[in-house]
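Have a look at the structure below, then the notes.
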Amino acid sequence: MPELPEVETVRRGLEPTLAGARLVRVEARRPDLRFPLPEGFVQRLTGAVVLSLGRRAKYLLAPTDRGQTLVMHLGMTGRFEIDDPRAGVRERPGDFALAAPADPRHAHVLFETDAGATVTYFDPRRFGYMDLVDSDGLEESRWFSALGPEPLGPAFDAAHLAAAFKDRKQGPKTLLLDQRIVAGLGNIYVCEALWRAGISPFKPAGKIRRPKIEALTEAIRAVLEEAIRAGGSTLRDYAGADGALGYFQHSFQAYGREHEPCQRPGCRGVIARAVQGGRSTFYCPEHQT
DNA sequence: CTTGGGTCCTGTGCGC
DNA sequence: TGCGCACAGGACCCAA
């Protein structure tokens, strides 16, 4: 599901409830998500204080006062619901499919805080996962050791992309989805960034000239920042008055717009869809060259 | 090393 | 209304 902007939206939504809270009850309703939950998951977290709520790429990070960090990845369909009876609050930060009520069958992990709030993790497809990692060795852990730079951080620039693209025959679409090159992009924002930069998703990356790479770097930053400001993207229509939900889907120029006219000023192209590496790629054949 | 393909799992929307 | 199929925002693993 969620790409960087959605995960960041979820992070901001969970932060007030989880950061600084003690987990008085932890429940794992099944032994595994995508992978088995780590040994002693419930015991190691019960009673721990969550120091803060962070994010690295598409991962949520909850370091605890026990020297371990709860690492969470939402996969395609992971979502959280916050229930705070004392505050009368019930919300789903960053949720992308509010129309469908969270199905209790897919409530896999529950955290209850000392303030009386319950945070529930739902994940129908179970592509998401959770792990507990020593906070000291986070960067060296299996999840992060090969991860590329944050696209909104200082290490991500045109020089970095140029080096990653050098001599590569694959298109930029495929390479930008590779989390080792840059960490946090997914199908939607790669399509959008390439549309903005006017680069064909199929062009051998090694043949993309430097000015285009610079434009791409900027397009990636811009689209992610705009999406975060919009609270991420919500794909399916929802009925419900929750201003916290994302609305960046209304700004898509390529993703999901097959057959629609390209909105780039002066462009007479029509958005096309192709399958690349098993995923849909949306692009304008006219101005993305 | 790169590259392509299959895989995990469930839900939804479409055409017939 | 039912059925089968294509597709879904991720990413690992393996073979060539």
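All residue names refer to the structure tokens as shown: chains lettered A, B, ... in order, residues numbered from 1 in each chain, ligands numbered from 1 in order.
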
Counting only C-alpha atoms (C1' of nucleotides), what are the residues of chain A within 10 Å of chain C, and for each of them which pair of atoms is the nearest and at what distance in Å, to one decimal? Sort the table by chain and rising number, as CSV.
```
residue,atom,partner,partner_atom,distance
A:Met1,CA,C:DG9,C1',3.7
A:Pro2,CA,C:DG9,C1',5.1
A:Glu3,CA,C:DG9,C1',6.3
A:Glu6,CA,C:DG9,C1',9.1
A:Lys58,CA,C:DG10,C1',9.7
A:His73,CA,C:DG10,C1',9.4
A:Leu74,CA,C:DG10,C1',8.6
A:Gly75,CA,C:DG10,C1',5.2
A:Met76,CA,C:DG10,C1',5.8
A:Thr77,CA,C:DG9,C1',8.4
A:Phe96,CA,C:DG9,C1',9.1
A:Phe127,CA,C:DG10,C1',7.2
A:Gly128,CA,C:DG10,C1',8.4
A:Leu177,CA,C:DG10,C1',9.7
A:Asp178,CA,C:DA11,C1',9.0
A:Gln179,CA,C:DA11,C1',8.9
A:Leu185,CA,C:DG9,C1',9.8
A:Gly186,CA,C:DG9,C1',6.7
A:Asn187,CA,C:DG9,C1',6.5
A:Ile188,CA,C:DG9,C1',6.6
A:Tyr189,CA,C:DG9,C1',9.2
A:Ser233,CA,C:DG9,C1',9.0
A:Thr234,CA,C:DG9,C1',9.5
A:Leu235,CA,C:DG9,C1',8.4
A:Arg279,CA,C:DC7,C1',9.6
A:Ser280,CA,C:DC7,C1',9.3
```

Go ahead and save the residues from that selection, with N, CA and C atoms, as a PDB file, in the first residue's frame.
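Contents of the output file out.pdb:
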```
ATOM      1  N   MET A   1       0.819  -1.192   0.000  1.00  0.00           N
ATOM      2  CA  MET A   1       0.000   0.000   0.000  1.00  0.00           C
ATOM      3  C   MET A   1       0.840   1.222   0.000  1.00  0.00           C
ATOM      4  N   PRO A   2       1.241   1.558   1.123  1.00  0.00           N
ATOM      5  CA  PRO A   2       1.655   2.931   1.331  1.00  0.00           C
ATOM      6  C   PRO A   2       3.068   3.139   0.864  1.00  0.00           C
ATOM      7  N   GLU A   3       3.272   4.270   0.274  1.00  0.00           N
ATOM      8  CA  GLU A   3       4.617   4.703  -0.070  1.00  0.00           C
ATOM      9  C   GLU A   3       5.033   5.727   0.981  1.00  0.00           C
ATOM     10  N   GLU A   6       2.489   8.247   2.529  1.00  0.00           N
ATOM     11  CA  GLU A   6       1.433   7.632   3.333  1.00  0.00           C
ATOM     12  C   GLU A   6       2.002   7.140   4.664  1.00  0.00           C
ATOM     13  N   LYS A  58       9.892   3.290   4.018  1.00  0.00           N
ATOM     14  CA  LYS A  58       8.490   2.943   4.259  1.00  0.00           C
ATOM     15  C   LYS A  58       8.313   2.221   5.581  1.00  0.00           C
ATOM     16  N   HIS A  73       6.429  -2.557   8.906  1.00  0.00           N
ATOM     17  CA  HIS A  73       6.243  -2.266   7.484  1.00  0.00           C
ATOM     18  C   HIS A  73       4.806  -2.615   7.135  1.00  0.00           C
ATOM     19  N   LEU A  74       4.140  -1.753   6.394  1.00  0.00           N
ATOM     20  CA  LEU A  74       2.701  -1.930   6.142  1.00  0.00           C
ATOM     21  C   LEU A  74       2.396  -2.763   4.903  1.00  0.00           C
ATOM     22  N   GLY A  75       3.426  -3.158   4.170  1.00  0.00           N
ATOM     23  CA  GLY A  75       3.163  -3.943   2.958  1.00  0.00           C
ATOM     24  C   GLY A  75       2.213  -3.198   2.033  1.00  0.00           C
ATOM     25  N   MET A  76       1.239  -3.912   1.511  1.00  0.00           N
ATOM     26  CA  MET A  76       0.286  -3.285   0.587  1.00  0.00           C
ATOM     27  C   MET A  76      -0.964  -2.808   1.306  1.00  0.00           C
ATOM     28  N   THR A  77      -1.393  -3.525   2.314  1.00  0.00           N
ATOM     29  CA  THR A  77      -2.713  -3.254   2.879  1.00  0.00           C
ATOM     30  C   THR A  77      -2.689  -3.037   4.389  1.00  0.00           C
ATOM     31  N   PHE A  96      -6.136   4.426   3.470  1.00  0.00           N
ATOM     32  CA  PHE A  96      -6.346   4.634   2.045  1.00  0.00           C
ATOM     33  C   PHE A  96      -7.640   4.004   1.568  1.00  0.00           C
ATOM     34  N   PHE A 127       0.988  -8.653   3.772  1.00  0.00           N
ATOM     35  CA  PHE A 127       2.316  -8.419   3.191  1.00  0.00           C
ATOM     36  C   PHE A 127       3.151  -7.559   4.128  1.00  0.00           C
ATOM     37  N   GLY A 128       2.536  -7.040   5.152  1.00  0.00           N
ATOM     38  CA  GLY A 128       3.258  -6.226   6.123  1.00  0.00           C
ATOM     39  C   GLY A 128       4.011  -7.105   7.101  1.00  0.00           C
ATOM     40  N   LEU A 177      12.123   1.968  -8.305  1.00  0.00           N
ATOM     41  CA  LEU A 177      11.370   1.117  -7.373  1.00  0.00           C
ATOM     42  C   LEU A 177      12.307   0.271  -6.513  1.00  0.00           C
ATOM     43  N   ASP A 178      13.575   0.222  -6.906  1.00  0.00           N
ATOM     44  CA  ASP A 178      14.567  -0.553  -6.160  1.00  0.00           C
ATOM     45  C   ASP A 178      14.981   0.237  -4.918  1.00  0.00           C
ATOM     46  N   GLN A 179      14.603  -0.286  -3.760  1.00  0.00           N
ATOM     47  CA  GLN A 179      14.817   0.452  -2.512  1.00  0.00           C
ATOM     48  C   GLN A 179      16.296   0.606  -2.162  1.00  0.00           C
ATOM     49  N   LEU A 185      10.157   5.244  -2.462  1.00  0.00           N
ATOM     50  CA  LEU A 185       9.263   5.410  -3.602  1.00  0.00           C
ATOM     51  C   LEU A 185       8.528   4.110  -3.882  1.00  0.00           C
ATOM     52  N   GLY A 186       7.345   4.226  -4.447  1.00  0.00           N
ATOM     53  CA  GLY A 186       6.587   3.076  -4.905  1.00  0.00           C
ATOM     54  C   GLY A 186       6.008   3.384  -6.272  1.00  0.00           C
ATOM     55  N   ASN A 187       5.101   2.564  -6.703  1.00  0.00           N
ATOM     56  CA  ASN A 187       4.598   2.653  -8.071  1.00  0.00           C
ATOM     57  C   ASN A 187       3.984   4.020  -8.401  1.00  0.00           C
ATOM     58  N   ILE A 188       3.188   4.546  -7.507  1.00  0.00           N
ATOM     59  CA  ILE A 188       2.497   5.806  -7.802  1.00  0.00           C
ATOM     60  C   ILE A 188       3.478   6.950  -7.983  1.00  0.00           C
ATOM     61  N   TYR A 189       4.327   7.161  -6.994  1.00  0.00           N
ATOM     62  CA  TYR A 189       5.165   8.360  -7.007  1.00  0.00           C
ATOM     63  C   TYR A 189       6.287   8.269  -8.035  1.00  0.00           C
ATOM     64  N   SER A 233      -2.042   9.821  -0.210  1.00  0.00           N
ATOM     65  CA  SER A 233      -3.071   9.528  -1.199  1.00  0.00           C
ATOM     66  C   SER A 233      -4.049   8.495  -0.654  1.00  0.00           C
ATOM     67  N   THR A 234      -5.294   8.697  -0.953  1.00  0.00           N
ATOM     68  CA  THR A 234      -6.334   7.745  -0.584  1.00  0.00           C
ATOM     69  C   THR A 234      -6.923   7.219  -1.871  1.00  0.00           C
ATOM     70  N   LEU A 235      -6.756   5.929  -2.118  1.00  0.00           N
ATOM     71  CA  LEU A 235      -7.110   5.452  -3.456  1.00  0.00           C
ATOM     72  C   LEU A 235      -8.589   5.258  -3.663  1.00  0.00           C
ATOM     73  N   ARG A 279       4.359  -4.717 -12.965  1.00  0.00           N
ATOM     74  CA  ARG A 279       3.565  -3.626 -12.365  1.00  0.00           C
ATOM     75  C   ARG A 279       3.090  -2.689 -13.448  1.00  0.00           C
ATOM     76  N   SER A 280       1.967  -2.039 -13.189  1.00  0.00           N
ATOM     77  CA  SER A 280       1.445  -1.070 -14.139  1.00  0.00           C
ATOM     78  C   SER A 280       2.295   0.191 -14.133  1.00  0.00           C
TER      79      SER A 280
END
```

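These are the residues of range 146-279 of chain A assigned strand (DSSP E or B) by DSSP from backbone coordinates: Pro261, Val270, Ala272, Arg273, Ala274, Val275, Gln276 and Arg279 of chain A.
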
Kindly assemble as a tab-separated table a list of the chain A residues that lie within 12 Å of chain B, each paired with its nearest atom pair and their distance in Å to one decimal, using only C-alpha atoms (C1' of nucleotides), sorted first by chain and then by ascending residue number.
```
residue	atom	partner	partner_atom	distance
A:Leu33	CA	B:DC9	C1'	9.8
A:Arg34	CA	B:DC8	C1'	7.4
A:Phe35	CA	B:DC8	C1'	9.8
A:Gly75	CA	B:DC9	C1'	11.0
A:Met76	CA	B:DC9	C1'	10.3
A:Thr77	CA	B:DT10	C1'	9.5
A:Ala97	CA	B:DG11	C1'	11.6
A:Ala100	CA	B:DG11	C1'	10.3
A:Asp103	CA	B:DG11	C1'	11.2
A:Arg105	CA	B:DT10	C1'	11.4
A:His106	CA	B:DT10	C1'	9.9
A:Asp123	CA	B:DT10	C1'	9.3
A:Pro124	CA	B:DT10	C1'	5.7
A:Arg125	CA	B:DC9	C1'	4.5
A:Arg126	CA	B:DC9	C1'	6.0
A:Phe127	CA	B:DC9	C1'	7.1
A:Gly128	CA	B:DC9	C1'	10.4
A:Asp167	CA	B:DT2	C1'	10.9
A:Arg168	CA	B:DT2	C1'	8.7
A:Lys169	CA	B:DT2	C1'	9.2
A:Gln170	CA	B:DT3	C1'	8.5
A:Gly171	CA	B:DT3	C1'	11.7
A:Thr174	CA	B:DT3	C1'	10.8
A:Leu175	CA	B:DT3	C1'	11.5
A:Arg236	CA	B:DT12	C1'	10.6
A:Gln276	CA	B:DG4	C1'	10.5
A:Gly277	CA	B:DG4	C1'	7.6
A:Gly278	CA	B:DG5	C1'	8.7
```

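Those residues in range 23-138 of chain A carrying a DSSP assignment of alpha helix (DSSP H), computed from the backbone, are Phe41, Val42, Gln43, Arg44 and Leu45 of chain A.
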
May I have the residues within 8 Å of Val71 in chain A as a list in words, using only C-alpha atoms (C1' of nucleotides) and disregarding those fewer than 6 positions away in the same chain?
-> Tyr59, Leu60, Leu61, Ala62, Met130, Asp131, Leu132 and Val133 of chain A

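Counting only C-alpha atoms, the residue from A:His108, A:Ala230, A:Pro151, A:His250 that sits nearest to Gly184 in chain A is A:Pro151.
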